[in-house]
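*Asks:* Quick one: the structure is below, and I'll ask about it shortly.
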Amino acid sequence: MLTSIRGLSAATLSAGLLFAAAPAFAEEAKAESTAETAVVLDTSSLRAAQPVDEARSSNMAEDSDISFSANVALTTEYRFRGVDLSGGEIAIQGGFDLGHSSGLYVGTWASSLDEQTVGYGSTELDLYAGWSGDLTEGLSADVGAIVYIYPDAGPGDFDYYEFYGSLSASIGPASVTGGFAYAPDQDSLGSTDNLYFYTDVGVAIPDTPITINGHVGYTDGFLTFTNNSKAWDYSIGADFAVGPATLTAAYVGVEGDAAVDPLGTFTDDAFVLTLSASF
């Protein structure tokens with residue numbers, strides 16, 4: 001359980017369905033969440049996947065081997081793999097990415113945190129690098145590593161790292177992504193490891209700017225608010241895209257036990273709105 005981890009009890013990044021984008025792992029990952037992500041589809045899967053996936057879209061000229069992109073978001077809550085890391089308050093997020101035509105990329109993503117509730121300080125900074133590209137027509141892959149840094153956290157071990165990978169398939173207006181994020185045994189995780197699996201589904205409504213999204217994730221390890229260190233998280237929502245801007249509305253939930261999170265501070269379900277833009 002997360003009771004003693006880094007002064008709080010919270011999940012690692014998500015790839016999730018809340019922009020965020022990540023990694024959870026992003027996307028998770030925050031992007032994710034974030035996640036990546038940072039997706040805004042979770043801001044969960046959307047951190048192992050969240051900050052990572054969205055940030056990689058580039059607007060550079062096709063004749064350049066190097067591309068640069070940026071993203072910014074304002075969200076009513078920062079949810080990482082379903083867990084609230086902003087104390088129910090608005091969070092400001094954003095990042096930059098540098099990519100190569102070979103598929104290699106490096107990037108950074110940051111989010112404000114609720115310093116009093118979460119206990120990691122006021123800022124999360126993610127640094128990541130990896131490779132993404134097409135394997136066959138309609139099938140792509142993404143692999144990499146991400147480090148979560150809390151620069152103004154108090155004394156103790158707070159920073160941690162994890163590795164992530166995903167496969168994405170698209171058929172017409174529908175897309176499906178399945179992935180994982182693995183954080184090896186490290187002091188900041190209470191000298192244990194953490195494994196996260198997730199699936200994201202998106203269906204674009206033809207002739208409209210709307211995409212319906214769904215996310216399911218599963219954590220097995222230290223980064224949970226349950227007695228058995230295992231937890232499901234989920235989100236369902238919709239994106240409304242106009243030019244570089246996207247408005248995302250999602251209902252987000254995660255398992256939590258009353259003995260670990262008695263007031264539901266981190267694990268109560270929530271309706272989250274995110275306004276994001278990529279450049």
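Please note that chains go A, B, ... in the order of the structure tokens, that every chain numbers its residues from 1, and that ligands are numbered from 1 in the order shown.
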Considering only C-alpha atoms, return as a list in words whatever protein or nucleic-acid residues lie within 8 Å of Thr267 in chain A, sequence-local ones (same chain, fewer than 6 positions apart) excluded.
*Replies:*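 Returned residues: Gly82, Val83, Asp84, Phe225, Gly253, Val254, Glu255, Gly256 and Asp261 of chain A.
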*Asks:* Based on the backbone DSSP call, show me all residues of range 88-274 of chain A assigned helix (DSSP H, G or I), as a list in words.
*Replies:* Glu115, Gln116, Thr117, Val118, Asp187, Ser188 and Leu189 of chain A
*Asks:* Would you mind listing what lies within 7 Å of Ile146 in chain A as a list in words, with only C-alpha atoms counted and same-chain residues fewer than 4 positions away left out?
*Replies:*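 Here the qualifying residues turn out to be Asp126, Leu127, Tyr128, Ala129, Tyr161, Glu162 and Phe163 of chain A.
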*Asks:* Those residues you just picked out, can you put them in a file as a PDB file, in the first residue's frame with C-alpha atoms?
*Replies:*
ATOM      1  CA  ASP A 126       8.915  14.034 -15.718  1.00  0.00           C
ATOM      2  CA  LEU A 127      11.854  13.339 -18.008  1.00  0.00           C
ATOM      3  CA  TYR A 128      11.540  10.574 -20.603  1.00  0.00           C
ATOM      4  CA  ALA A 129      13.151   9.091 -23.706  1.00  0.00           C
ATOM      5  CA  TYR A 161      11.860   5.746 -12.487  1.00  0.00           C
ATOM      6  CA  GLU A 162      10.047   3.174 -14.588  1.00  0.00           C
ATOM      7  CA  PHE A 163      10.103   1.560 -18.010  1.00  0.00           C
TER       8      PHE A 163
END
*Asks:* Using only C-alpha atoms, which residue out of A:Gly154, A:Pro244, A:Gly144, A:Pro209 lies closest to Gly130 in chain A?
*Replies:* A:Gly144
*Asks:* Which value, in Å to one decimal, gives the distance between CA of Arg81 in chain A and CA of Thr219 in chain A?
*Replies:* 8.7 Å
*Asks:* Let's see if you can do this: from backbone DSSP, list all strand (DSSP E or B) residues in range 44-171 of chain A, as an MDAnalysis selection string.
*Replies:* chainID A and resid 46 48 66:75 79:80 83:84 91:100 104:112 123:136 139:149 160:171
*Asks:* Could you state the separation of CA of Leu125 in chain A and CA of Pro151 in chain A in Å, given to one decimal place?
*Replies:*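 Computing it gives 7.5 Å between the two atoms.
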*Asks:* When you draw a straight line from CA of Ala258 in chain A to CA of Leu195 in chain A, how long is it in Å?
*Replies:*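 Separating CA of Ala258 in chain A from CA of Leu195 in chain A is a distance of 22.7 Å.
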*Asks:* Please identify all polymer residues within 8 Å of Leu273 in chain A, counting only C-alpha atoms, omitting same-chain residues fewer than 2 positions from it, and present them as a tab-separated table (two decimals) with all heavy atoms, in the first residue's frame.
*Replies:*
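Here's the written file result_25.tsv:
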chain	number	residue	atom	x	y	z
A	75	THR	N	-6.40	21.55	-16.04
A	75	THR	CA	-7.33	20.48	-15.68
A	75	THR	C	-7.91	20.72	-14.30
A	75	THR	O	-7.25	21.29	-13.42
A	75	THR	CB	-6.63	19.11	-15.73
A	75	THR	OG1	-7.56	18.07	-15.43
A	75	THR	CG2	-5.47	19.04	-14.75
A	76	THR	N	-9.16	20.33	-14.09
A	76	THR	CA	-9.82	20.55	-12.82
A	76	THR	C	-9.22	19.69	-11.71
A	76	THR	O	-9.35	20.03	-10.53
A	76	THR	CB	-11.32	20.26	-12.92
A	76	THR	OG1	-11.53	18.93	-13.41
A	76	THR	CG2	-11.99	21.27	-13.87
A	77	GLU	N	-8.59	18.57	-12.06
A	77	GLU	CA	-7.86	17.74	-11.11
A	77	GLU	C	-6.76	17.01	-11.86
A	77	GLU	O	-6.97	16.59	-13.00
A	77	GLU	CB	-8.76	16.68	-10.46
A	77	GLU	CG	-9.76	17.20	-9.46
A	77	GLU	CD	-10.52	16.07	-8.78
A	77	GLU	OE1	-9.99	14.94	-8.72
A	77	GLU	OE2	-11.63	16.32	-8.32
A	247	LEU	N	-10.86	19.87	-25.70
A	247	LEU	CA	-11.57	19.87	-24.43
A	247	LEU	C	-11.96	18.44	-24.12
A	247	LEU	O	-12.63	17.78	-24.92
A	247	LEU	CB	-12.82	20.76	-24.51
A	247	LEU	CG	-13.69	20.78	-23.23
A	247	LEU	CD1	-12.92	21.39	-22.07
A	247	LEU	CD2	-14.98	21.54	-23.49
A	248	THR	N	-11.53	17.95	-22.96
A	248	THR	CA	-11.79	16.57	-22.56
A	248	THR	C	-12.64	16.54	-21.30
A	248	THR	O	-12.35	17.25	-20.32
A	248	THR	CB	-10.48	15.81	-22.31
A	248	THR	OG1	-9.72	15.75	-23.51
A	248	THR	CG2	-10.77	14.38	-21.84
A	249	ALA	N	-13.67	15.73	-21.30
A	249	ALA	CA	-14.50	15.50	-20.12
A	249	ALA	C	-14.45	14.01	-19.81
A	249	ALA	O	-14.68	13.19	-20.70
A	249	ALA	CB	-15.93	15.95	-20.36
A	250	ALA	N	-14.13	13.65	-18.57
A	250	ALA	CA	-13.99	12.24	-18.23
A	250	ALA	C	-14.42	11.97	-16.80
A	250	ALA	O	-14.23	12.81	-15.91
A	250	ALA	CB	-12.53	11.79	-18.41
A	271	PHE	N	-15.44	13.72	-11.71
A	271	PHE	CA	-15.65	14.17	-13.08
A	271	PHE	C	-14.61	15.24	-13.36
A	271	PHE	O	-14.54	16.25	-12.65
A	271	PHE	CB	-17.06	14.72	-13.24
A	271	PHE	CG	-17.37	15.18	-14.64
A	271	PHE	CD1	-17.59	14.25	-15.65
A	271	PHE	CD2	-17.43	16.52	-14.94
A	271	PHE	CE1	-17.87	14.67	-16.94
A	271	PHE	CE2	-17.72	16.95	-16.23
A	271	PHE	CZ	-17.94	16.01	-17.23
A	275	LEU	N	-8.67	21.23	-20.51
A	275	LEU	CA	-8.50	21.98	-21.73
A	275	LEU	C	-7.02	21.95	-22.09
A	275	LEU	O	-6.18	22.39	-21.30
A	275	LEU	CB	-8.97	23.43	-21.56
A	275	LEU	CG	-8.82	24.34	-22.79
A	275	LEU	CD1	-9.67	23.82	-23.94
A	275	LEU	CD2	-9.18	25.77	-22.44
*Asks:* May I have the residues within 8 Å of Gln93 in chain A as a list in words, using only C-alpha atoms and disregarding those fewer than 5 positions away in the same chain?
*Replies:* Ala20, Thr34, Val72, Ala73, Leu74, Thr75, Trp109, Ala110, Ser111 and Ser112 of chain A
*Asks:* For the contact check between range 165-268 of chain A and range 134-143 of chain A, emit one row per residue of range 165-268 of chain A within 6 Å, containing the shortest atom pair and the distance in Å rounded to one decimal, counting only C-alpha atoms, chain then rising number order, as CSV.
*Replies:*
residue,atom,partner,partner_atom,distance
A:Gly165,CA,A:Val143,CA,4.2
A:Ser166,CA,A:Asp142,CA,5.3
A:Leu167,CA,A:Ala141,CA,4.6
A:Ser168,CA,A:Ser140,CA,5.2
A:Ala169,CA,A:Leu139,CA,4.6
A:Ser170,CA,A:Gly138,CA,5.2
*Asks:* Restricted to C-alpha atoms, what would the selected residues look like written as a compact mmCIF listing (two decimals), in the first residue's frame?
*Replies:*
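Wrote it out as part-v9.txt, contents follow:
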# COMPACT_ATOMS: atom_id res chain seq x y z
CA GLY A 165 5.91 -0.11 -23.56
CA SER A 166 2.73 -0.23 -25.62
CA LEU A 167 1.18 -1.46 -28.85
CA SER A 168 -1.50 0.52 -30.68
CA ALA A 169 -3.80 -0.65 -33.47
CA SER A 170 -6.26 1.37 -35.52
*Asks:* Please provide as a PyMOL selection string all residues within 12 Å of Ile210 in chain A, with the sequence filter that same-chain residues fewer than 3 positions apart are discarded (counting only C-alpha atoms).
*Replies:* chain A and resi 173+202-207+213+237-242+246-249
*Asks:* Go ahead and dump the residues you just picked, all heavy atoms, as a compact mmCIF listing (two decimals), in the first residue's frame.
*Replies:*
# COMPACT_ATOMS: atom_id res chain seq x y z
N PRO A 173 -12.24 4.46 -37.68
CA PRO A 173 -12.27 5.50 -36.65
C PRO A 173 -11.91 5.00 -35.25
O PRO A 173 -11.88 5.78 -34.30
CB PRO A 173 -13.73 5.96 -36.68
CG PRO A 173 -14.48 4.73 -37.06
CD PRO A 173 -13.59 4.01 -38.05
N GLY A 202 -10.38 4.20 -28.16
CA GLY A 202 -10.94 5.45 -28.65
C GLY A 202 -11.72 5.23 -29.94
O GLY A 202 -11.28 4.47 -30.80
N VAL A 203 -12.86 5.89 -30.04
CA VAL A 203 -13.68 5.79 -31.25
C VAL A 203 -14.08 7.20 -31.67
O VAL A 203 -14.80 7.90 -30.94
CB VAL A 203 -14.95 4.94 -31.03
CG1 VAL A 203 -15.77 4.87 -32.30
CG2 VAL A 203 -14.58 3.54 -30.55
N ALA A 204 -13.60 7.61 -32.84
CA ALA A 204 -13.96 8.92 -33.36
C ALA A 204 -15.33 8.86 -34.03
O ALA A 204 -15.62 7.93 -34.79
CB ALA A 204 -12.91 9.38 -34.37
N ILE A 205 -16.18 9.82 -33.72
CA ILE A 205 -17.50 9.89 -34.35
C ILE A 205 -17.34 10.55 -35.71
O ILE A 205 -16.88 11.70 -35.80
CB ILE A 205 -18.48 10.69 -33.48
CG1 ILE A 205 -18.63 10.00 -32.11
CG2 ILE A 205 -19.84 10.78 -34.17
CD1 ILE A 205 -19.53 10.74 -31.16
N PRO A 206 -17.65 9.84 -36.80
CA PRO A 206 -17.43 10.37 -38.15
C PRO A 206 -18.09 11.74 -38.36
O PRO A 206 -19.18 12.01 -37.86
CB PRO A 206 -18.07 9.30 -39.06
CG PRO A 206 -18.00 8.05 -38.24
CD PRO A 206 -18.22 8.48 -36.83
N ASP A 207 -17.37 12.59 -39.08
CA ASP A 207 -17.85 13.92 -39.46
C ASP A 207 -18.11 14.84 -38.27
O ASP A 207 -18.91 15.78 -38.35
CB ASP A 207 -19.14 13.81 -40.30
CG ASP A 207 -18.93 12.98 -41.55
OD1 ASP A 207 -17.87 13.12 -42.19
OD2 ASP A 207 -19.82 12.18 -41.88
N ASN A 213 -13.72 7.97 -25.49
CA ASN A 213 -12.56 7.26 -24.96
C ASN A 213 -12.90 6.42 -23.73
O ASN A 213 -13.75 6.81 -22.92
CB ASN A 213 -11.46 8.25 -24.56
CG ASN A 213 -11.01 9.11 -25.71
OD1 ASN A 213 -10.47 8.62 -26.68
ND2 ASN A 213 -11.25 10.42 -25.60
N GLY A 237 -14.78 8.91 -21.15
CA GLY A 237 -14.98 10.32 -21.44
C GLY A 237 -15.03 10.60 -22.93
O GLY A 237 -15.16 9.68 -23.76
N ALA A 238 -14.90 11.88 -23.26
CA ALA A 238 -14.97 12.31 -24.65
C ALA A 238 -14.05 13.49 -24.88
O ALA A 238 -13.86 14.33 -23.99
CB ALA A 238 -16.40 12.67 -25.04
N ASP A 239 -13.46 13.55 -26.07
CA ASP A 239 -12.64 14.68 -26.51
C ASP A 239 -13.41 15.48 -27.55
O ASP A 239 -14.07 14.91 -28.42
CB ASP A 239 -11.34 14.20 -27.16
CG ASP A 239 -10.42 13.48 -26.19
OD1 ASP A 239 -10.63 13.64 -24.97
OD2 ASP A 239 -9.52 12.76 -26.65
N PHE A 240 -13.28 16.79 -27.47
CA PHE A 240 -13.83 17.69 -28.48
C PHE A 240 -12.67 18.54 -28.98
O PHE A 240 -12.15 19.39 -28.25
CB PHE A 240 -14.93 18.57 -27.89
CG PHE A 240 -15.58 19.48 -28.89
CD1 PHE A 240 -16.66 19.03 -29.64
CD2 PHE A 240 -15.12 20.77 -29.10
CE1 PHE A 240 -17.27 19.86 -30.57
CE2 PHE A 240 -15.72 21.60 -30.03
CZ PHE A 240 -16.80 21.15 -30.77
N ALA A 241 -12.22 18.28 -30.22
CA ALA A 241 -11.01 18.92 -30.75
C ALA A 241 -11.36 19.98 -31.77
O ALA A 241 -12.16 19.75 -32.68
CB ALA A 241 -10.10 17.87 -31.38
N VAL A 242 -10.73 21.15 -31.61
CA VAL A 242 -10.86 22.25 -32.56
C VAL A 242 -9.48 22.84 -32.79
O VAL A 242 -8.91 23.47 -31.89
CB VAL A 242 -11.83 23.34 -32.06
CG1 VAL A 242 -11.91 24.47 -33.09
CG2 VAL A 242 -13.20 22.76 -31.79
N THR A 246 -8.05 20.96 -27.44
CA THR A 246 -8.94 19.83 -27.15
C THR A 246 -9.56 20.02 -25.78
O THR A 246 -8.86 20.29 -24.80
CB THR A 246 -8.17 18.50 -27.18
OG1 THR A 246 -7.60 18.29 -28.47
CG2 THR A 246 -9.11 17.34 -26.86
N LEU A 247 -10.86 19.87 -25.70
CA LEU A 247 -11.57 19.87 -24.43
C LEU A 247 -11.96 18.44 -24.12
O LEU A 247 -12.63 17.78 -24.92
CB LEU A 247 -12.82 20.76 -24.51
CG LEU A 247 -13.69 20.78 -23.23
CD1 LEU A 247 -12.92 21.39 -22.07
CD2 LEU A 247 -14.98 21.54 -23.49
N THR A 248 -11.53 17.95 -22.96
CA THR A 248 -11.79 16.57 -22.56
C THR A 248 -12.64 16.54 -21.30
O THR A 248 -12.35 17.25 -20.32
CB THR A 248 -10.48 15.81 -22.31
OG1 THR A 248 -9.72 15.75 -23.51
CG2 THR A 248 -10.77 14.38 -21.84
N ALA A 249 -13.67 15.73 -21.30
CA ALA A 249 -14.50 15.50 -20.12
C ALA A 249 -14.45 14.01 -19.81
O ALA A 249 -14.68 13.19 -20.70
CB ALA A 249 -15.93 15.95 -20.36
